[in-house]
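What follows is the content of entry_22.cif, which has mmCIF, C-alpha atoms:
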```cif
data_my_file
#
loop_
_atom_site.group_PDB
_atom_site.id
_atom_site.type_symbol
_atom_site.label_atom_id
_atom_site.label_comp_id
_atom_site.auth_asym_id
_atom_site.auth_seq_id
_atom_site.Cartn_x
_atom_site.Cartn_y
_atom_site.Cartn_z
ATOM 1 C CA MET O 29 23.044 -35.272 -2.398
ATOM 2 C CA ALA O 30 19.396 -34.771 -1.623
ATOM 3 C CA GLY O 31 18.019 -31.286 -1.496
ATOM 4 C CA ILE O 32 19.225 -29.939 -4.836
ATOM 5 C CA GLU O 33 15.941 -29.846 -6.708
ATOM 6 C CA GLU O 34 17.522 -28.530 -9.933
ATOM 7 C CA CYS O 35 19.852 -31.550 -10.070
ATOM 8 C CA LYS O 36 17.293 -34.199 -9.211
ATOM 9 C CA ALA O 37 17.511 -36.306 -12.403
ATOM 10 C CA LEU O 38 21.314 -36.303 -12.625
ATOM 11 C CA CYS O 39 22.107 -36.407 -8.920
ATOM 12 C CA GLU O 40 20.040 -39.548 -8.376
ATOM 13 C CA ASP O 41 21.375 -41.420 -11.426
ATOM 14 C CA ASN O 42 23.834 -44.045 -10.125
ATOM 15 C CA LYS O 43 25.537 -44.403 -13.508
ATOM 16 C CA PHE O 44 26.168 -40.659 -13.632
ATOM 17 C CA LEU O 45 27.450 -40.629 -10.043
ATOM 18 C CA ALA O 46 29.924 -43.412 -10.909
ATOM 19 C CA VAL O 47 31.165 -41.438 -13.934
ATOM 20 C CA LEU O 48 31.377 -38.291 -11.793
ATOM 21 C CA ASP O 49 33.646 -40.138 -9.337
ATOM 22 C CA VAL O 50 35.881 -41.303 -12.196
ATOM 23 C CA ALA O 51 36.023 -37.741 -13.540
ATOM 24 C CA ARG O 52 36.932 -36.412 -10.082
ATOM 25 C CA GLY O 53 39.755 -38.948 -9.830
ATOM 26 C CA ASN O 54 41.095 -38.131 -13.303
ATOM 27 C CA LEU O 55 40.944 -34.386 -12.692
ATOM 28 C CA GLY O 56 42.591 -34.774 -9.278
ATOM 29 C CA MET O 57 45.435 -36.762 -10.823
ATOM 30 C CA GLN O 58 45.942 -34.182 -13.592
ATOM 31 C CA THR O 59 45.914 -31.368 -11.030
ATOM 32 C CA ARG O 60 48.540 -33.132 -8.906
ATOM 33 C CA LEU O 61 50.697 -33.773 -11.975
ATOM 34 C CA ALA O 62 50.464 -30.120 -12.996
ATOM 35 C CA HIS O 63 51.698 -28.977 -9.567
ATOM 36 C CA ASP O 64 54.302 -31.654 -8.813
ATOM 37 C CA PRO O 65 57.891 -30.362 -9.195
ATOM 38 C CA LEU O 66 58.893 -33.339 -11.358
ATOM 39 C CA THR O 67 55.962 -33.096 -13.768
ATOM 40 C CA ALA O 68 55.049 -29.407 -13.470
ATOM 41 C CA ASP O 69 52.963 -28.103 -16.345
ATOM 42 C CA PRO O 70 53.062 -24.301 -16.619
ATOM 43 C CA ILE O 71 49.936 -24.274 -18.821
ATOM 44 C CA ARG O 72 47.759 -26.227 -16.378
ATOM 45 C CA LYS O 73 49.337 -25.010 -13.146
ATOM 46 C CA HIS O 74 47.062 -22.683 -11.120
ATOM 47 C CA ARG O 75 44.208 -23.021 -13.652
ATOM 48 C CA PHE O 76 40.822 -24.703 -13.638
ATOM 49 C CA ILE O 77 41.016 -28.090 -15.372
ATOM 50 C CA GLY O 78 37.843 -29.704 -16.651
ATOM 51 C CA LEU O 79 36.106 -32.146 -18.932
ATOM 52 C CA VAL O 80 32.704 -32.769 -20.463
ATOM 53 C CA VAL O 81 30.398 -35.655 -19.614
ATOM 54 C CA ARG O 82 28.146 -36.672 -22.505
ATOM 55 C CA LYS O 83 25.881 -39.578 -23.413
ATOM 56 C CA ASP O 84 26.572 -41.835 -26.371
ATOM 57 C CA LYS O 85 23.971 -43.464 -28.627
ATOM 58 C CA ASN O 86 23.552 -46.366 -26.192
ATOM 59 C CA GLY O 87 22.747 -44.046 -23.280
ATOM 60 C CA GLU O 88 26.095 -44.620 -21.560
ATOM 61 C CA TYR O 89 27.985 -41.694 -20.062
ATOM 62 C CA LYS O 90 31.364 -40.888 -21.630
ATOM 63 C CA LEU O 91 34.117 -38.549 -20.451
ATOM 64 C CA GLY O 92 35.579 -35.959 -22.795
ATOM 65 C CA THR O 93 39.131 -34.677 -23.113
ATOM 66 C CA ILE O 94 40.700 -33.143 -20.009
ATOM 67 C CA GLY O 95 41.887 -29.577 -20.561
ATOM 68 C CA THR O 96 41.965 -26.008 -19.328
ATOM 69 C CA ASP O 97 39.398 -24.897 -21.883
ATOM 70 C CA ALA O 98 36.298 -26.403 -20.256
ATOM 71 C CA TRP O 99 36.175 -23.416 -17.882
ATOM 72 C CA ASP O 100 35.955 -21.224 -21.018
ATOM 73 C CA GLY O 101 33.108 -23.267 -22.490
ATOM 74 C CA ARG O 102 35.003 -25.114 -25.205
ATOM 75 C CA GLU O 103 36.726 -28.418 -25.745
ATOM 76 C CA CYS O 104 39.812 -29.423 -27.721
ATOM 77 C CA PHE O 105 39.638 -32.424 -30.041
ATOM 78 C CA GLN O 106 43.183 -33.276 -31.027
ATOM 79 C CA ASN O 107 43.997 -33.807 -34.660
ATOM 80 C CA GLY O 108 47.652 -34.766 -34.506
ATOM 81 C CA LEU O 109 49.404 -31.848 -32.840
ATOM 82 C CA VAL O 110 46.630 -29.369 -33.594
ATOM 83 C CA CYS O 111 43.408 -28.768 -31.651
ATOM 84 C CA THR O 112 40.046 -28.493 -33.298
ATOM 85 C CA TRP O 113 37.967 -26.342 -30.949
ATOM 86 C CA ARG O 114 34.342 -27.113 -30.310
ATOM 87 C CA ASP O 115 32.013 -25.084 -28.118
ATOM 88 C CA ILE O 116 30.366 -27.021 -25.306
ATOM 89 C CA PHE O 117 26.597 -26.751 -25.665
ATOM 90 C CA GLN O 118 23.737 -28.715 -24.075
ATOM 91 C CA GLU O 119 25.812 -31.640 -22.821
ATOM 92 C CA VAL O 120 25.079 -33.796 -19.763
ATOM 93 C CA ALA O 121 27.553 -31.980 -17.485
ATOM 94 C CA ILE O 122 30.859 -30.154 -17.222
ATOM 95 C CA VAL O 123 33.143 -31.270 -14.381
ATOM 96 C CA VAL O 124 35.791 -28.737 -13.392
ATOM 97 C CA ALA O 125 38.543 -29.011 -10.760
ATOM 98 C CA ALA O 126 39.626 -25.823 -9.027
ATOM 99 C CA PRO O 127 43.378 -25.334 -8.506
ATOM 100 C CA PRO O 128 44.780 -26.362 -5.095
ATOM 101 C CA SER O 129 45.260 -22.710 -4.179
ATOM 102 C CA TYR O 130 41.452 -22.312 -4.082
ATOM 103 C CA ARG O 131 40.215 -22.962 -0.576
ATOM 104 C CA LEU O 132 36.524 -23.341 0.247
ATOM 105 C CA THR O 133 36.193 -19.598 0.766
ATOM 106 C CA SER O 134 37.595 -18.961 -2.733
ATOM 107 C CA ILE O 135 35.379 -21.565 -4.361
ATOM 108 C CA MET O 136 32.267 -20.185 -2.661
ATOM 109 C CA GLY O 137 33.399 -16.611 -3.305
ATOM 110 C CA ARG O 138 31.378 -14.217 -5.412
ATOM 111 C CA VAL O 139 33.703 -14.271 -8.441
ATOM 112 C CA THR O 140 33.946 -18.076 -8.767
ATOM 113 C CA VAL O 141 30.199 -18.516 -8.241
ATOM 114 C CA HIS O 142 29.491 -15.858 -10.892
ATOM 115 C CA ASP O 143 31.929 -17.471 -13.352
ATOM 116 C CA CYS O 144 30.375 -20.894 -12.748
ATOM 117 C CA LYS O 145 26.838 -19.620 -13.331
ATOM 118 C CA GLN O 146 27.980 -17.733 -16.415
ATOM 119 C CA LEU O 147 29.599 -20.909 -17.820
ATOM 120 C CA SER O 148 26.383 -22.849 -17.216
ATOM 121 C CA ARG O 149 24.314 -20.118 -18.863
ATOM 122 C CA LYS O 150 26.642 -19.910 -21.884
ATOM 123 C CA THR O 151 26.799 -23.678 -22.443
ATOM 124 C CA GLN O 152 23.281 -24.528 -21.192
ATOM 125 C CA THR O 153 24.946 -27.345 -19.247
ATOM 126 C CA PRO O 154 25.120 -27.999 -15.475
ATOM 127 C CA VAL O 155 28.572 -27.612 -13.930
ATOM 128 C CA PHE O 156 30.087 -29.678 -11.122
ATOM 129 C CA LEU O 157 32.970 -27.833 -9.451
ATOM 130 C CA VAL O 158 35.448 -30.040 -7.589
ATOM 131 C CA GLY O 159 37.755 -28.770 -4.850
ATOM 132 C CA THR O 160 41.383 -29.940 -4.780
ATOM 133 C CA GLY O 161 42.831 -27.629 -2.109
ATOM 134 C CA MET O 162 43.474 -28.368 1.567
ATOM 135 C CA ASP O 163 40.056 -27.658 3.078
ATOM 136 C CA ALA O 164 38.192 -28.121 -0.225
ATOM 137 C CA LEU O 165 39.408 -31.660 -0.917
ATOM 138 C CA LYS O 166 36.496 -34.006 -1.639
ATOM 139 C CA SER O 167 34.082 -31.063 -1.971
ATOM 140 C CA VAL O 168 31.794 -31.008 -4.985
ATOM 141 C CA PHE O 169 29.509 -28.119 -5.875
ATOM 142 C CA TYR O 170 26.580 -28.151 -8.303
ATOM 143 C CA CYS O 171 26.009 -25.089 -10.435
ATOM 144 C CA ASP O 172 23.492 -24.114 -13.063
ATOM 145 C CA GLU O 173 22.316 -20.760 -14.400
ATOM 146 C CA SER O 174 20.748 -19.702 -11.126
ATOM 147 C CA THR O 175 21.973 -22.184 -8.474
ATOM 148 C CA PHE O 176 25.263 -22.823 -6.711
ATOM 149 C CA LYS O 177 24.994 -25.444 -3.981
ATOM 150 C CA ARG O 178 27.272 -27.922 -2.262
ATOM 151 C CA PHE O 179 26.689 -31.397 -3.686
ATOM 152 C CA LYS O 180 29.085 -33.471 -1.550
#
```
Re-express the file's structure as structure tokens.
Amino acid sequence: MAGIEECKALCEDNKFLAVLDVARGNLGMQTRLAHDPLTADPIRKHRFIGLVVRKDKNGEYKLGTIGTDAWDGRECFQNGLVCTWRDIFQEVAIVVAAPPSYRLTSIMGRVTVHDCKQLSRKTQTPVFLVGTGMDALKSVFYCDESTFKRFK
């Protein structure tokens, strides 16, 4: 965790780290459900699934809605059966889980790193990329506009 100067405030905040662990667990569960033969979800299967972490008025961290749109820089707020789209902008963090088919080499590959930096630049929000594949399980990467480093 130490050594990422750009992430110093967030990466040393114990409340944020606890929320990050909850987000990782939720995203891991949704990824497994999307790929399990009994609960397969063709929309979420083989796609990046993410959510937004934001602070409420009391300074507590809250998790947003899990969906495939976080990787595109927007979030769906459901209004019945219809989504109201909202662009993610200047939030605390975006946590995104890579599909299980993404190994460490794919996550650290040029295209994924570029996409992650571009998402951070577009939303002006740091991104935490979580690995769910075989050799990437339990891996977390921190990304901002100019940095992509392994966090855990």
_For Phe105 in chain O, the nearest of the candidates O:Ala46, O:Leu55, O:Val80, O:Cys171, counting only C-alpha atoms_ = O:Val80
Find the smallest box with edges along x, y and z containing every listed atom of range 152-163 of chain O, then add 8 Å on each side and report centre and edge lengths in Å to one decimal, as JSON.
```
{"center_x": 33.4, "center_y": -27.3, "center_z": -9.1, "size_x": 36.2, "size_y": 21.5, "size_z": 40.3}
```
*Within 12 Å of Ser134 in chain O, counting only C-alpha atoms, which residues qualify if same-chain residues fewer than 3 places away don't, as a PyMOL selection string?*
chain O and resi 126-131+137-142+159-164
Can you list, as a CSV table (one decimal) with C-alpha atoms, in the frame of the given file, the residues that the PyMOL selection byres ((chain O and resi 102) around 6) selects here?
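For reference, selection26.csv as written:
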```csv
chain,number,residue,atom,x,y,z
O,97,ASP,CA,39.4,-24.9,-21.9
O,98,ALA,CA,36.3,-26.4,-20.3
O,100,ASP,CA,36.0,-21.2,-21.0
O,101,GLY,CA,33.1,-23.3,-22.5
O,103,GLU,CA,36.7,-28.4,-25.7
O,114,ARG,CA,34.3,-27.1,-30.3
O,115,ASP,CA,32.0,-25.1,-28.1
O,116,ILE,CA,30.4,-27.0,-25.3
```
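Across the structure, CA of Asn86 in chain O and CA of Lys43 in chain O are spaced 13.0 Å apart.
When the PyMOL selection byres ((chain O and resi 77) around 9) is evaluated on the file shown here, the picked residues come out as Leu55, Gln58, Thr59, Arg72, Arg75, Phe76, Gly78, Leu79, Ile94, Gly95, Thr96, Asp97, Ala98, Trp99, Val123, Val124, Ala125, Ala126 and Pro127 of chain O.
Note that the spacing between CA of Gly92 in chain O and CA of Arg178 in chain O amounts to 23.6 Å.
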*asked:* Can you spell out as a PyMOL selection string the set of residues that the PyMOL selection byres ((chain O and resi 118) around 7) selects in the structure I just provided?
replied: chain O and resi 116-117+119-120+151-153
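Restricting the calculation to only C-alpha atoms, the smallest distance between Leu91 in chain O and any of O:Lys73, O:Leu109, O:Arg52, O:Asp64 is found for O:Arg52.
Taking CA of His74 in chain O as the reference point, CA of Ser167 in chain O is found at 18.0 Å.
Using all atoms listed in the file, the smallest distance between any of O:Glu40, O:Glu88, O:Asp49, O:Asp143 and Lys166 in chain O comes from O:Asp49.
Proximity of O:Thr67, O:Thr93, O:Ser148, O:Asn42 to Asn54 in chain O, computed with only C-alpha atoms, is greatest for O:Thr93.
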